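First comes the structure, then the notes that go with it.
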Amino acid sequence: MKQLAKRVIVIGLDGAGNMIDQARTPNIEAALSGGFITYSAQTVLPTISGECWGSMFHGVKPELHGLNNEKAETNKYPVDSPYPSFLRIVKEADPTAVIASFSAWKPINDGIIEEGVATYVSNVYADKHLVTEVAEFADKHSDFKAMFIQFDGIDGAGHNFGYGSPLYLEVIEETDGFVGSILDTLRAKDLLEESLIILLADHGGGGEDPRNHGSDHPKDATIFWGCAGPNVSDAAVAEPVLIEDTAAVVAKALGLEAPDAWSGKVPAGLFKETVE
Ligand SMILES: [Zn+2]
């Protein structure tokens with residue numbers, strides 16, 4: 001399979017749902033300009049981070065990957081699971097590939113991504129530190145192939161102040177600034193030009209409970225999902241994008257075969273026809 005992008009950068013905004021369109025997010029807009037964005041993508045049920053990030057990484061519904069918050073906090077994900085994370089696929093294709101994961105919610109690195117897959121792992125206690133962490137990493141490892149970054153502050157604001165509330169939207173705008181700083185850093189090092197960028201939320205909130213999520217209410221289950229980079233089309237896709245499609249998109253961008261066990265697919269029309 002043809003490799004479409006030199007590297008992939010996946011940026012996750014925990015708990016942002018599809019509410020970024022209610023806030024001022026010039027950096028996210030710029031990052032996705034010329035690419036594709038939908039505000040009606042669907043995450044998995046229950047709409048909880050362990051299950052949702054699990055499906056994003058492992059390409060299947062929670063019934064198959066088996067992850068939830070408790071398991072992600074306490075167990076290592078089996079390295080021989082039939083539902084590998086997309087990072088494991090990258091690693092298996094090229095054991096020397098530099099793979100990085102930065103997270104403000106530790107269970108992602110501890111229990112969702114298989115141990116030993118990411119060559120560079122960092123957990124931070126506040127989102128703003130991700131900016132310096134990524135900059136320091138990029139200084140030393142400009143050859144990275146895959147990078148995942150997860151921001152957690154938006155979800156915290158949803159629990160504290162209510163999803164969609166003015167203070168929640170303020171944290172979305174602050175996070176947009178962090179995303180902008182990270183992308184500026186990568187651009188200055190010539191690391192954006194041939195990169196595929198995916199930006200998404202794992203779930204929303206405020207469906208059944210104004211300060212929580214987990215239900216199948218559309219406010220909890222609807223997410224934004226955006227993608228930009230070499231060969232990405234802005235053509236509308238016919239089917240709704242599903243969070244578990246993310247893994248297949250990463251594999252395709254890097255020219256890797258998606259495992260048959262993944263139920264997620266590359267959304268139709270996402271890549272320009274010449275490369276389908
Ligand atoms: Zn939450």
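For the structure tokens, the naming scheme is as follows: chains receive sequential letters (A, B, ...) according to their order of presentation, residues are indexed from 1 within each chain, and ligands are indexed from 1 in presentation order.
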Dump the neighbourhood of ligand 1 as a list in words: all residues within 10 Å, distances computed on only C-alpha atoms and all ligand atoms.
Asp14, Gly15, Ala16, Thr47, Ile48, Ser49, Gly50, Asp152, Gly153, Ile154, Asp155, Gly156, Ala157, Gly158, His159, Asn160, Asp202, His203, Gly204, Gly205, Arg211, Asn212, His213 and Gly214 of chain A
Tell me which protein, DNA and RNA residues are within 7 Å of stretch 173-189 of chain A, counting only C-alpha atoms, leaving out same-chain ones fewer than 2 positions away, and put them as a list in words.
Ala23, Arg24, Thr25, Asn27, Ile28, Lys128, Val131, Val134, Ala135, Leu169, Glu170, Val171, Leu191 and Leu192 of chain A
Show me, as number ranges by chain, the residues that have an atom within 9 Å of A:Leu270 when counting only C-alpha atoms, minus same-chain residues fewer than 5 positions from it.
A: 35-36, 227, 231-237, 249
Residues from last step as file, N, CA, C and O atoms, as a CSV table (one decimal), in the first residue's frame:
chain,number,residue,atom,x,y,z
A,35,GLY,N,-8.8,20.4,4.7
A,35,GLY,CA,-9.1,19.0,5.0
A,35,GLY,C,-10.6,18.8,5.3
A,35,GLY,O,-11.4,19.5,4.7
A,36,PHE,N,-10.9,17.8,6.1
A,36,PHE,CA,-12.3,17.4,6.3
A,36,PHE,C,-12.6,17.6,7.8
A,36,PHE,O,-11.8,17.3,8.7
A,227,CYS,N,-9.7,15.9,9.9
A,227,CYS,CA,-8.5,15.3,9.4
A,227,CYS,C,-8.0,16.2,8.3
A,227,CYS,O,-8.8,16.7,7.4
A,231,ASN,N,-3.2,14.4,0.5
A,231,ASN,CA,-4.3,13.5,-0.2
A,231,ASN,C,-5.6,13.5,0.5
A,231,ASN,O,-6.5,12.7,0.2
A,232,VAL,N,-5.8,14.3,1.6
A,232,VAL,CA,-7.1,14.3,2.3
A,232,VAL,C,-8.0,15.3,1.5
A,232,VAL,O,-7.6,16.3,1.1
A,233,SER,N,-9.2,14.8,1.3
A,233,SER,CA,-10.2,15.5,0.5
A,233,SER,C,-11.2,16.2,1.5
A,233,SER,O,-11.4,15.8,2.6
A,234,ASP,N,-11.8,17.3,1.0
A,234,ASP,CA,-12.8,18.0,1.9
A,234,ASP,C,-14.2,17.5,1.5
A,234,ASP,O,-15.2,18.0,2.0
A,235,ALA,N,-14.2,16.5,0.6
A,235,ALA,CA,-15.5,15.9,0.2
A,235,ALA,C,-16.3,15.3,1.4
A,235,ALA,O,-15.7,14.7,2.2
A,236,ALA,N,-17.6,15.6,1.4
A,236,ALA,CA,-18.4,15.1,2.5
A,236,ALA,C,-18.5,13.6,2.3
A,236,ALA,O,-18.6,13.0,1.2
A,237,VAL,N,-18.4,12.9,3.5
A,237,VAL,CA,-18.6,11.5,3.5
A,237,VAL,C,-20.1,11.1,3.7
A,237,VAL,O,-20.8,11.8,4.4
A,249,VAL,N,-7.9,5.0,9.5
A,249,VAL,CA,-7.4,6.2,8.7
A,249,VAL,C,-5.8,6.3,9.0
A,249,VAL,O,-5.1,6.6,8.0
Any idea what's packed within 9 Å of A:Met19, counting only C-alpha atoms, ignoring anything in its chain fewer than 4 positions away? Could you give it as a ChimeraX atom specification?
/A:23,39,163-164,169,172,204,219,223-224
Could you write out the selected residues, including N, CA, C and O atoms, as a short mmCIF file (atom, residue, chain, number, x, y, z; two decimals), in the first residue's frame?
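Output file out-v1.cif follows:
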data_model
loop_
_atom_site.label_atom_id
_atom_site.label_comp_id
_atom_site.auth_asym_id
_atom_site.auth_seq_id
_atom_site.Cartn_x
_atom_site.Cartn_y
_atom_site.Cartn_z
N ALA A 23 -17.38 27.55 20.19
CA ALA A 23 -16.29 28.36 20.77
C ALA A 23 -15.42 28.92 19.64
O ALA A 23 -15.54 28.52 18.49
N TYR A 39 -19.08 17.57 12.46
CA TYR A 39 -19.54 17.79 13.83
C TYR A 39 -20.61 16.76 14.20
O TYR A 39 -21.28 16.91 15.21
N TYR A 163 -21.25 20.98 30.77
CA TYR A 163 -20.86 20.88 29.35
C TYR A 163 -21.63 21.93 28.55
O TYR A 163 -22.84 22.06 28.68
N GLY A 164 -20.91 22.71 27.77
CA GLY A 164 -21.55 23.77 26.98
C GLY A 164 -21.67 25.10 27.72
O GLY A 164 -22.06 26.10 27.13
N LEU A 169 -16.69 26.47 27.56
CA LEU A 169 -16.27 26.95 26.24
C LEU A 169 -14.96 27.72 26.34
O LEU A 169 -14.14 27.69 25.42
N ILE A 172 -12.26 25.27 26.18
CA ILE A 172 -12.06 24.84 24.78
C ILE A 172 -11.18 25.86 24.07
O ILE A 172 -10.24 25.49 23.34
N GLY A 204 -18.83 13.65 24.32
CA GLY A 204 -19.28 14.98 24.73
C GLY A 204 -19.74 14.94 26.17
O GLY A 204 -19.08 14.32 27.02
N LYS A 219 -25.94 14.47 22.92
CA LYS A 219 -24.93 15.42 23.43
C LYS A 219 -23.70 14.69 23.98
O LYS A 219 -22.60 15.22 23.98
N ILE A 223 -19.58 13.64 18.39
CA ILE A 223 -18.24 14.24 18.52
C ILE A 223 -17.84 14.93 17.21
O ILE A 223 -18.41 14.65 16.16
N PHE A 224 -16.88 15.84 17.34
CA PHE A 224 -16.27 16.36 16.11
C PHE A 224 -15.12 15.44 15.73
O PHE A 224 -14.51 14.79 16.59
#
A:Leu4, A:Ala30, A:Ala146, A:Met56 ranked by distance to A:Lys265, top pick (using only C-alpha atoms):
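Nearest to A:Lys265: A:Met56.
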Run DSSP on the backbone and grab whatever in stretch 72-164 of chain A lands in strand (DSSP E); send it over as an MDAnalysis selection string.
chainID A and resid 99:103 120:123 146:151
Considering only C-alpha atoms, return as a list in words whatever protein or nucleic-acid residues lie within 10 Å of A:Glu63, sequence-local ones (same chain, fewer than 4 positions apart) excluded.
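Once the nearby chain positions are removed, what remains is Leu45, Glu51, Ser55 and Leu67 of chain A.
Near A:Phe137, within a cut-off of 12 Å and counting only C-alpha atoms, sit the residues Val98, Ile99, Ala100, Ser101, Phe102, Thr119, Tyr120, Val121, Ser122, Leu130, Val131, Thr132, Ser142, Asp143, Phe144, Met147, Ile182, Thr185, Leu186 and Lys189 of chain A, with same-chain residues fewer than 5 positions away left out.
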